$ cat input13.cif   # mmCIF, C-alpha atoms
data_query
loop_
_atom_site.label_atom_id
_atom_site.label_comp_id
_atom_site.auth_asym_id
_atom_site.auth_seq_id
_atom_site.Cartn_x
_atom_site.Cartn_y
_atom_site.Cartn_z
CA MET L 1068 -56.11 48.27 -21.54
CA SER L 1069 -59.18 50.10 -22.78
CA PHE L 1070 -61.34 50.62 -25.82
CA ASP L 1071 -60.41 52.94 -28.63
CA ARG L 1072 -63.25 55.45 -28.75
CA LYS L 1073 -62.74 55.94 -32.51
CA THR L 1074 -63.07 52.27 -33.48
CA SER L 1075 -65.18 50.84 -30.60
CA LEU L 1076 -62.61 48.06 -30.27
CA PRO L 1077 -59.94 47.19 -27.69
CA GLU L 1078 -56.75 49.08 -28.47
CA SER L 1079 -54.72 45.90 -28.02
CA TRP L 1080 -56.42 44.22 -30.99
CA GLY L 1081 -54.75 46.55 -33.47
CA ILE L 1082 -57.73 46.89 -35.81
CA THR L 1083 -57.30 50.18 -37.66
CA LEU L 1084 -59.73 52.38 -39.56
CA GLU L 1085 -57.79 51.58 -42.74
CA MET L 1086 -58.43 47.86 -42.17
CA MET L 1087 -62.13 48.59 -41.71
CA GLU L 1088 -62.29 50.61 -44.92
CA ASN L 1089 -60.48 47.90 -46.90
CA PRO L 1090 -61.66 44.48 -45.70
CA ARG L 1091 -59.99 41.33 -46.97
CA CYS L 1092 -62.68 38.77 -46.39
CA ARG L 1093 -61.94 35.21 -47.52
CA ILE L 1094 -65.30 35.00 -49.29
CA PRO L 1095 -67.00 37.64 -51.45
CA PHE L 1096 -69.86 39.65 -50.01
CA VAL L 1097 -73.20 39.51 -51.78
CA ASP L 1098 -73.45 43.18 -52.70
CA PRO L 1099 -76.95 44.65 -52.18
CA ASP L 1100 -76.55 46.54 -55.45
CA GLY L 1101 -75.45 43.47 -57.39
CA ILE L 1102 -77.38 40.47 -56.14
CA PRO L 1103 -76.92 37.50 -58.50
CA ASP L 1104 -80.03 36.48 -60.41
CA ASP L 1105 -80.25 33.09 -58.71
CA LEU L 1106 -80.43 34.77 -55.26
CA LYS L 1107 -82.37 37.93 -56.06
CA LYS L 1108 -85.93 36.65 -55.51
CA GLU L 1109 -85.17 35.41 -52.00
CA LEU L 1110 -82.51 37.87 -50.95
CA ALA L 1111 -83.68 41.26 -52.22
CA PRO L 1112 -86.66 41.49 -49.81
CA LEU L 1113 -84.45 40.49 -46.89
CA TYR L 1114 -81.87 43.12 -47.79
CA GLU L 1115 -84.58 45.76 -48.05
CA ARG L 1116 -85.88 44.81 -44.64
CA SER L 1117 -82.37 45.18 -43.25
CA ARG L 1118 -82.08 48.67 -44.75
CA GLN L 1119 -85.39 49.71 -43.21
CA ASN L 1120 -84.69 48.38 -39.74
CA LEU L 1121 -80.90 48.57 -39.34
CA GLY L 1122 -80.21 51.47 -41.68
CA THR L 1123 -77.88 49.34 -43.80
CA VAL L 1124 -77.11 45.83 -45.03
CA PRO L 1125 -74.09 45.00 -42.86
CA ARG L 1126 -71.20 42.89 -44.09
CA PHE L 1127 -72.29 40.09 -41.78
CA VAL L 1128 -75.61 39.85 -43.62
CA GLN L 1129 -73.83 40.16 -46.98
CA MET L 1130 -71.64 37.24 -45.94
CA LEU L 1131 -74.67 35.13 -45.02
CA GLY L 1132 -76.34 36.30 -48.25
CA HIS L 1133 -74.89 33.31 -50.10
CA SER L 1134 -77.58 31.34 -48.24
CA PRO L 1135 -80.77 33.44 -48.00
CA ALA L 1136 -82.30 31.00 -45.52
CA LEU L 1137 -79.59 31.92 -43.00
CA VAL L 1138 -80.31 35.64 -43.45
CA GLU L 1139 -84.01 35.01 -42.94
CA ALA L 1140 -83.50 32.83 -39.86
CA TRP L 1141 -81.15 35.33 -38.22
CA ALA L 1142 -83.55 38.21 -38.89
CA LEU L 1143 -86.52 36.27 -37.50
CA ILE L 1144 -84.78 35.64 -34.17
CA GLU L 1145 -83.69 39.25 -33.91
CA SER L 1146 -87.17 40.55 -34.67
CA ARG L 1147 -88.91 38.31 -32.14
CA VAL L 1148 -86.43 38.66 -29.29
CA ARG L 1149 -83.84 41.45 -29.17
CA PHE L 1150 -85.70 44.08 -31.19
CA ALA L 1151 -88.99 43.29 -29.45
CA TYR L 1152 -87.43 44.41 -26.17
CA LEU L 1153 -86.88 47.89 -27.59
CA GLN L 1154 -90.55 48.49 -26.86
CA THR L 1155 -91.40 46.05 -24.09
CA ASP L 1156 -88.36 46.08 -21.76
CA PRO L 1157 -85.48 48.38 -22.79
CA ASP L 1158 -83.76 47.87 -19.41
CA PHE L 1159 -83.49 44.14 -20.06
CA LEU L 1160 -82.28 44.89 -23.60
CA LYS L 1161 -79.39 46.84 -22.06
CA THR L 1162 -78.50 43.77 -19.99
CA LEU L 1163 -78.77 41.58 -23.08
CA GLN L 1164 -76.31 43.90 -24.84
CA LEU L 1165 -73.84 43.37 -22.01
CA VAL L 1166 -74.14 39.61 -22.55
CA ILE L 1167 -73.51 40.02 -26.28
CA ILE L 1168 -70.57 42.41 -25.83
CA LYS L 1169 -68.87 40.20 -23.24
CA THR L 1170 -69.30 37.18 -25.51
CA ALA L 1171 -67.88 39.08 -28.49
CA ILE L 1172 -64.87 40.30 -26.50
CA LEU L 1173 -64.07 36.79 -25.28
CA ASN L 1174 -64.16 35.60 -28.90
CA ARG L 1175 -62.00 38.52 -30.06
CA SER L 1176 -64.49 39.13 -32.83
CA ASN L 1177 -63.93 42.65 -34.10
CA ASN L 1178 -67.13 42.58 -36.16
CA CYS L 1179 -69.40 41.50 -33.32
CA THR L 1180 -67.70 43.66 -30.71
CA ALA L 1181 -67.73 46.99 -32.55
CA HIS L 1182 -71.32 46.73 -33.78
CA ASN L 1183 -72.62 45.80 -30.36
CA VAL L 1184 -70.56 48.30 -28.42
CA ASP L 1185 -72.10 51.01 -30.60
CA LEU L 1186 -75.58 49.59 -30.05
CA GLY L 1187 -74.94 49.36 -26.31
CA LEU L 1188 -73.80 52.97 -26.11
CA ALA L 1189 -76.95 54.00 -27.96
CA LEU L 1190 -79.00 52.22 -25.28
CA GLY L 1191 -77.27 54.06 -22.45
CA LEU L 1192 -74.20 52.00 -21.60
CA ASN L 1193 -71.06 54.09 -21.10
CA TRP L 1194 -67.37 53.77 -21.96
CA ASP L 1195 -66.35 53.05 -18.38
CA GLN L 1196 -68.63 49.99 -18.40
CA ILE L 1197 -67.30 48.85 -21.76
CA ASP L 1198 -63.71 49.22 -20.56
CA ALA L 1199 -64.53 47.22 -17.42
CA LEU L 1200 -65.88 44.36 -19.54
CA GLU L 1201 -62.64 44.22 -21.53
CA ARG L 1202 -60.33 44.52 -18.53
CA ASP L 1203 -62.38 41.93 -16.64
CA ASP L 1204 -62.70 44.11 -13.53
CA TRP L 1205 -66.49 44.20 -13.86
CA LYS L 1206 -66.79 41.75 -10.95
CA GLU L 1207 -65.73 44.34 -8.36
CA SER L 1208 -67.01 47.36 -10.27
CA THR L 1209 -69.77 49.61 -8.96
CA LEU L 1210 -70.72 50.43 -12.55
CA PHE L 1211 -73.03 47.44 -12.88
CA THR L 1212 -76.15 46.36 -11.04
CA PRO L 1213 -76.26 42.95 -9.31
CA TRP L 1214 -78.46 41.59 -12.10
CA GLN L 1215 -76.12 42.89 -14.79
CA LYS L 1216 -73.17 41.22 -13.04
CA ALA L 1217 -75.11 37.96 -12.87
CA ALA L 1218 -75.78 38.15 -16.62
CA ILE L 1219 -72.16 38.99 -17.48
CA ARG L 1220 -70.88 36.16 -15.29
CA TRP L 1221 -73.26 33.74 -17.01
CA ALA L 1222 -72.13 34.90 -20.47
CA GLU L 1223 -68.53 34.31 -19.45
CA ALA L 1224 -69.31 30.83 -18.10
CA VAL L 1225 -71.27 29.82 -21.21
CA THR L 1226 -68.61 31.15 -23.58
CA THR L 1227 -65.68 29.57 -21.75
CA GLY L 1228 -67.45 26.23 -21.34
CA THR L 1229 -67.68 26.29 -17.54
CA ALA L 1230 -71.44 26.87 -17.16
CA TYR L 1231 -72.28 23.16 -16.75
CA GLY L 1232 -70.65 22.96 -13.33
CA ASP L 1233 -71.20 26.56 -12.20
CA ASP L 1234 -74.25 26.17 -9.98
CA LYS L 1235 -73.59 29.45 -8.18
CA ALA L 1236 -73.61 31.46 -11.40
CA PHE L 1237 -76.90 29.87 -12.39
CA ALA L 1238 -78.42 30.41 -8.94
CA ASP L 1239 -77.44 34.10 -9.09
CA LEU L 1240 -79.09 34.35 -12.49
CA GLN L 1241 -82.32 32.87 -11.12
CA LYS L 1242 -82.47 35.54 -8.42
CA HIS L 1243 -82.94 38.25 -11.03
CA PHE L 1244 -84.48 36.81 -14.20
CA THR L 1245 -87.43 34.74 -15.33
CA THR L 1246 -86.81 31.39 -16.96
CA ARG L 1247 -87.77 32.90 -20.31
CA LYS L 1248 -85.13 35.62 -20.02
CA ILE L 1249 -82.51 33.13 -18.84
CA VAL L 1250 -83.18 31.00 -21.90
CA GLU L 1251 -83.03 34.04 -24.17
CA MET L 1252 -79.79 35.35 -22.66
CA THR L 1253 -78.20 31.92 -22.95
CA PHE L 1254 -79.40 31.56 -26.52
CA TYR L 1255 -78.05 34.99 -27.46
CA CYS L 1256 -74.74 34.15 -25.84
CA GLY L 1257 -74.64 31.04 -28.01
CA MET L 1258 -75.77 33.03 -31.03
CA TRP L 1259 -72.89 35.48 -30.66
CA ASN L 1260 -70.44 32.68 -30.09
CA LEU L 1261 -71.70 31.42 -33.44
CA SER L 1262 -71.40 34.80 -35.15
CA GLY L 1263 -67.83 35.17 -33.90
CA ARG L 1264 -67.02 31.75 -35.26
CA LEU L 1265 -68.44 32.82 -38.61
CA THR L 1266 -66.73 36.20 -38.98
CA GLU L 1267 -63.24 35.38 -37.71
CA PRO L 1268 -62.56 32.31 -39.92
CA PHE L 1269 -63.58 34.36 -42.96
CA HIS L 1270 -61.34 37.30 -41.90
CA GLN L 1271 -64.34 39.62 -41.89
CA THR L 1272 -63.48 43.09 -40.58
CA VAL L 1273 -66.15 45.36 -39.16
CA GLU L 1274 -67.37 48.41 -41.03
CA PRO L 1275 -65.87 51.77 -40.03
CA PRO L 1276 -67.83 54.06 -37.71
CA GLY L 1277 -70.76 55.71 -39.44
CA LYS L 1278 -71.43 52.66 -41.61
CA ARG L 1279 -72.64 50.28 -38.93
CA ILE L 1280 -76.06 49.05 -37.89
CA ALA L 1281 -78.38 50.98 -35.59
CA PHE L 1282 -81.53 50.18 -33.64
CA ARG L 1283 -84.40 51.47 -35.72
CA GLY L 1284 -87.03 48.99 -34.59
CA TRP L 1285 -88.10 46.01 -36.62
CA ALA L 1286 -91.02 45.69 -39.05
#

$ encode --input "input13.cif" --output "structure tokens"
Amino acid sequence: MSFDRKTSLPESWGITLEMMENPRCRIPFVDPDGIPDDLKKELAPLYERSRQNLGTVPRFVQMLGHSPALVEAWALIESRVRFAYLQTDPDFLKTLQLVIIKTAILNRSNNCTAHNVDLGLALGLNWDQIDALERDDWKESTLFTPWQKAAIRWAEAVTTGTAYGDDKAFADLQKHFTTRKIVEMTFYCGMWNLSGRLTEPFHQTVEPPGKRIAFRGWA
């Protein structure tokens, strides 16, 4: 199987553009243009920051908007880690995107997968690499560097709960990355396991193409 180039999702998942245009989330989104008075003081600045740096207030943030502290915490981590690498180490950011995409695919999270496939493509990943991640033939593929394969393997082990006993996967990771980057990759893998476990229970469907987040930097 492969990814649908129109939706940025695996074809086998059956998520259509019509489903993206008409989401049926189990909880209401906190609309940026209709923030309730009791949330407005805390949430409006966070939404504005999202517009400036992501180009939009994505449904994921609107879902978390019921608790502004969660929006703020998520944004803080993104600003200090992933978005910081836009300037300091874009090559590592590309590897981090592979970790996130593999984690999202394993969780079958359409929201997390589509957004991050689009972000990965913008960073220079290609469709052949994305297809290889979904088909699980990345291990033998020549499309990835040894350090990218080590990161993908670690994301798979962490997500499937086998990392504790996988000393070889961890040793391979140590050949290529500093302890700081290993911690950050592992944290982001956990973070996207969390995001998948937030979006799927609430039946949150990703936005259609053209209405998704983009890397604009972070203020």

$ resolve_selection --input "input13.cif" --expression "the PyMOL selection byres ((chain L and resi 1256-1269) around 9)" --output "JSON, numbers by chain"
{"L": [1091, 1092, 1093, 1094, 1127, 1130, 1163, 1166, 1167, 1168, 1169, 1170, 1171, 1173, 1174, 1175, 1176, 1177, 1178, 1179, 1221, 1222, 1223, 1225, 1226, 1251, 1252, 1253, 1254, 1255, 1270, 1271, 1272]}

$ residues_around --input "input13.cif" --residues "Ser1079 in chain L" --least-positions-apart "4" --cutoff "12 Å" --atoms "only C-alpha atoms" --output "MDAnalysis selection string"
chainID L and resid 1068:1071 1074:1075 1083 1172 1175 1177 1201:1202

$ write_last_selection --input "input13.cif" --atoms "C-alpha atoms" --output "compact mmCIF listing (two decimals), in the coordinates of the input"
# COMPACT_ATOMS: atom_id res chain seq x y z
CA MET L 1068 -56.11 48.27 -21.54
CA SER L 1069 -59.18 50.10 -22.78
CA PHE L 1070 -61.34 50.62 -25.82
CA ASP L 1071 -60.41 52.94 -28.63
CA THR L 1074 -63.07 52.27 -33.48
CA SER L 1075 -65.18 50.84 -30.60
CA THR L 1083 -57.30 50.18 -37.66
CA ILE L 1172 -64.87 40.30 -26.50
CA ARG L 1175 -62.00 38.52 -30.06
CA ASN L 1177 -63.93 42.65 -34.10
CA GLU L 1201 -62.64 44.22 -21.53
CA ARG L 1202 -60.33 44.52 -18.53

$ residues_around --input "input13.cif" --residues "Trp1141 in chain L" --least-positions-apart "2" --cutoff "12 Å" --atoms "all atoms listed in the file" --output "PDB file with C-alpha atoms, keeping the file's coordinate frame"
ATOM      1  CA  LEU L1113     -84.450  40.490 -46.890  1.00  0.00           C
ATOM      2  CA  SER L1117     -82.370  45.180 -43.250  1.00  0.00           C
ATOM      3  CA  PHE L1127     -72.290  40.090 -41.780  1.00  0.00           C
ATOM      4  CA  VAL L1128     -75.610  39.850 -43.620  1.00  0.00           C
ATOM      5  CA  LEU L1131     -74.670  35.130 -45.020  1.00  0.00           C
ATOM      6  CA  GLY L1132     -76.340  36.300 -48.250  1.00  0.00           C
ATOM      7  CA  SER L1134     -77.580  31.340 -48.240  1.00  0.00           C
ATOM      8  CA  PRO L1135     -80.770  33.440 -48.000  1.00  0.00           C
ATOM      9  CA  ALA L1136     -82.300  31.000 -45.520  1.00  0.00           C
ATOM     10  CA  LEU L1137     -79.590  31.920 -43.000  1.00  0.00           C
ATOM     11  CA  VAL L1138     -80.310  35.640 -43.450  1.00  0.00           C
ATOM     12  CA  GLU L1139     -84.010  35.010 -42.940  1.00  0.00           C
ATOM     13  CA  LEU L1143     -86.520  36.270 -37.500  1.00  0.00           C
ATOM     14  CA  ILE L1144     -84.780  35.640 -34.170  1.00  0.00           C
ATOM     15  CA  GLU L1145     -83.690  39.250 -33.910  1.00  0.00           C
ATOM     16  CA  SER L1146     -87.170  40.550 -34.670  1.00  0.00           C
ATOM     17  CA  ARG L1147     -88.910  38.310 -32.140  1.00  0.00           C
ATOM     18  CA  VAL L1148     -86.430  38.660 -29.290  1.00  0.00           C
ATOM     19  CA  ARG L1149     -83.840  41.450 -29.170  1.00  0.00           C
ATOM     20  CA  TYR L1255     -78.050  34.990 -27.460  1.00  0.00           C
ATOM     21  CA  MET L1258     -75.770  33.030 -31.030  1.00  0.00           C
ATOM     22  CA  TRP L1259     -72.890  35.480 -30.660  1.00  0.00           C
ATOM     23  CA  LEU L1261     -71.700  31.420 -33.440  1.00  0.00           C
ATOM     24  CA  SER L1262     -71.400  34.800 -35.150  1.00  0.00           C
TER      25      SER L1262
END

$ atom_distance --input "input13.cif" --atom1 "CA of Phe1282 in chain L" --atom2 "CA of Thr1227 in chain L"
28.6 Å

$ residues_around --input "input13.cif" --residues "range 1120-1124 of chain L" --least-positions-apart "4" --cutoff "10 Å" --atoms "all atoms listed in the file" --output "PDB file with C-alpha atoms, in the frame of the given file"
ATOM      1  CA  ASP L1098     -73.450  43.180 -52.700  1.00  0.00           C
ATOM      2  CA  PRO L1099     -76.950  44.650 -52.180  1.00  0.00           C
ATOM      3  CA  LEU L1113     -84.450  40.490 -46.890  1.00  0.00           C
ATOM      4  CA  TYR L1114     -81.870  43.120 -47.790  1.00  0.00           C
ATOM      5  CA  GLU L1115     -84.580  45.760 -48.050  1.00  0.00           C
ATOM      6  CA  ARG L1116     -85.880  44.810 -44.640  1.00  0.00           C
ATOM      7  CA  VAL L1128     -75.610  39.850 -43.620  1.00  0.00           C
ATOM      8  CA  GLN L1129     -73.830  40.160 -46.980  1.00  0.00           C
ATOM      9  CA  SER L1146     -87.170  40.550 -34.670  1.00  0.00           C
ATOM     10  CA  PHE L1150     -85.700  44.080 -31.190  1.00  0.00           C
ATOM     11  CA  LYS L1278     -71.430  52.660 -41.610  1.00  0.00           C
ATOM     12  CA  ARG L1279     -72.640  50.280 -38.930  1.00  0.00           C
ATOM     13  CA  ILE L1280     -76.060  49.050 -37.890  1.00  0.00           C
ATOM     14  CA  ALA L1281     -78.380  50.980 -35.590  1.00  0.00           C
ATOM     15  CA  PHE L1282     -81.530  50.180 -33.640  1.00  0.00           C
ATOM     16  CA  ARG L1283     -84.400  51.470 -35.720  1.00  0.00           C
ATOM     17  CA  GLY L1284     -87.030  48.990 -34.590  1.00  0.00           C
ATOM     18  CA  TRP L1285     -88.100  46.010 -36.620  1.00  0.00           C
ATOM     19  CA  ALA L1286     -91.020  45.690 -39.050  1.00  0.00           C
TER      20      ALA L1286
END

$ atom_distance --input "input13.cif" --atom1 "CA of Leu1190 in chain L" --atom2 "CA of Lys1235 in chain L"
29.0 Å

$ axis_aligned_box --input "input13.cif" --around "range 1079-1087 of chain L" --padding-each-side "6 Å" --output "AutoDock Vina command-line options"
--center_x -58.4 --center_y 48.3 --center_z -35.4 --size_x 19.4 --size_y 20.2 --size_z 26.7

$ residues_around --input "input13.cif" --residues "Gln1215 in chain L" --least-positions-apart "3" --cutoff "12 Å" --atoms "all atoms listed in the file" --output "ChimeraX atom specification"
/L:1158-1166,1169,1192,1196,1200,1205-1206,1208-1212,1218-1222,1239-1240,1242-1244,1252

$ closest_residue --input "input13.cif" --among "L:Glu1088, L:Asp1203, L:Asp1100, L:Asp1234" --to "Gly1277 in chain L" --atoms "all atoms listed in the file"
L:Glu1088

$ residues_around --input "input13.cif" --residues "Leu1084 in chain L" --least-positions-apart "4" --cutoff "9 Å" --atoms "all atoms listed in the file" --output "list in words"
Lys1073, Thr1074, Glu1088, Asn1089, Glu1274, Pro1275 and Pro1276 of chain L

$ atom_distance --input "input13.cif" --atom1 "CA of His1133 in chain L" --atom2 "CA of Leu1106 in chain L"
7.7 Å

$ build_atoms --input "input13.cif" --residues "range 1101-1116 of chain L" --atoms "N, CA and C atoms" --output "PDB file, in the frame of the given file"
ATOM      1  N   GLY L1101     -75.806  44.398 -56.320  1.00  0.00           N
ATOM      2  CA  GLY L1101     -75.450  43.470 -57.390  1.00  0.00           C
ATOM      3  C   GLY L1101     -75.770  42.036 -57.026  1.00  0.00           C
ATOM      4  N   ILE L1102     -76.985  41.818 -56.547  1.00  0.00           N
ATOM      5  CA  ILE L1102     -77.380  40.470 -56.140  1.00  0.00           C
ATOM      6  C   ILE L1102     -77.476  39.573 -57.371  1.00  0.00           C
ATOM      7  N   PRO L1103     -76.827  38.418 -57.358  1.00  0.00           N
ATOM      8  CA  PRO L1103     -76.920  37.500 -58.500  1.00  0.00           C
ATOM      9  C   PRO L1103     -78.366  37.077 -58.768  1.00  0.00           C
ATOM     10  N   ASP L1104     -78.663  36.810 -60.020  1.00  0.00           N
ATOM     11  CA  ASP L1104     -80.030  36.480 -60.410  1.00  0.00           C
ATOM     12  C   ASP L1104     -80.590  35.288 -59.658  1.00  0.00           C
ATOM     13  N   ASP L1105     -79.741  34.297 -59.367  1.00  0.00           N
ATOM     14  CA  ASP L1105     -80.250  33.090 -58.710  1.00  0.00           C
ATOM     15  C   ASP L1105     -80.576  33.319 -57.229  1.00  0.00           C
ATOM     16  N   LEU L1106     -80.145  34.458 -56.669  1.00  0.00           N
ATOM     17  CA  LEU L1106     -80.430  34.770 -55.260  1.00  0.00           C
ATOM     18  C   LEU L1106     -81.423  35.918 -55.102  1.00  0.00           C
ATOM     19  N   LYS L1107     -81.657  36.662 -56.161  1.00  0.00           N
ATOM     20  CA  LYS L1107     -82.370  37.930 -56.060  1.00  0.00           C
ATOM     21  C   LYS L1107     -83.783  37.780 -55.507  1.00  0.00           C
ATOM     22  N   LYS L1108     -84.539  36.793 -55.949  1.00  0.00           N
ATOM     23  CA  LYS L1108     -85.930  36.650 -55.510  1.00  0.00           C
ATOM     24  C   LYS L1108     -86.025  36.479 -54.003  1.00  0.00           C
ATOM     25  N   GLU L1109     -85.143  35.653 -53.443  1.00  0.00           N
ATOM     26  CA  GLU L1109     -85.170  35.410 -52.000  1.00  0.00           C
ATOM     27  C   GLU L1109     -84.487  36.513 -51.219  1.00  0.00           C
ATOM     28  N   LEU L1110     -83.378  37.005 -51.736  1.00  0.00           N
ATOM     29  CA  LEU L1110     -82.510  37.870 -50.950  1.00  0.00           C
ATOM     30  C   LEU L1110     -82.893  39.336 -50.986  1.00  0.00           C
ATOM     31  N   ALA L1111     -83.384  39.828 -52.106  1.00  0.00           N
ATOM     32  CA  ALA L1111     -83.680  41.260 -52.220  1.00  0.00           C
ATOM     33  C   ALA L1111     -84.655  41.750 -51.151  1.00  0.00           C
ATOM     34  N   PRO L1112     -85.756  41.024 -50.870  1.00  0.00           N
ATOM     35  CA  PRO L1112     -86.660  41.490 -49.810  1.00  0.00           C
ATOM     36  C   PRO L1112     -86.008  41.496 -48.430  1.00  0.00           C
ATOM     37  N   LEU L1113     -85.135  40.546 -48.170  1.00  0.00           N
ATOM     38  CA  LEU L1113     -84.450  40.490 -46.890  1.00  0.00           C
ATOM     39  C   LEU L1113     -83.466  41.648 -46.736  1.00  0.00           C
ATOM     40  N   TYR L1114     -82.786  41.972 -47.813  1.00  0.00           N
ATOM     41  CA  TYR L1114     -81.870  43.120 -47.790  1.00  0.00           C
ATOM     42  C   TYR L1114     -82.650  44.423 -47.580  1.00  0.00           C
ATOM     43  N   GLU L1115     -83.785  44.547 -48.212  1.00  0.00           N
ATOM     44  CA  GLU L1115     -84.580  45.760 -48.050  1.00  0.00           C
ATOM     45  C   GLU L1115     -85.081  45.893 -46.616  1.00  0.00           C
ATOM     46  N   ARG L1116     -85.446  44.792 -46.033  1.00  0.00           N
ATOM     47  CA  ARG L1116     -85.880  44.810 -44.640  1.00  0.00           C
ATOM     48  C   ARG L1116     -84.732  45.245 -43.727  1.00  0.00           C
TER      49      ARG L1116
END
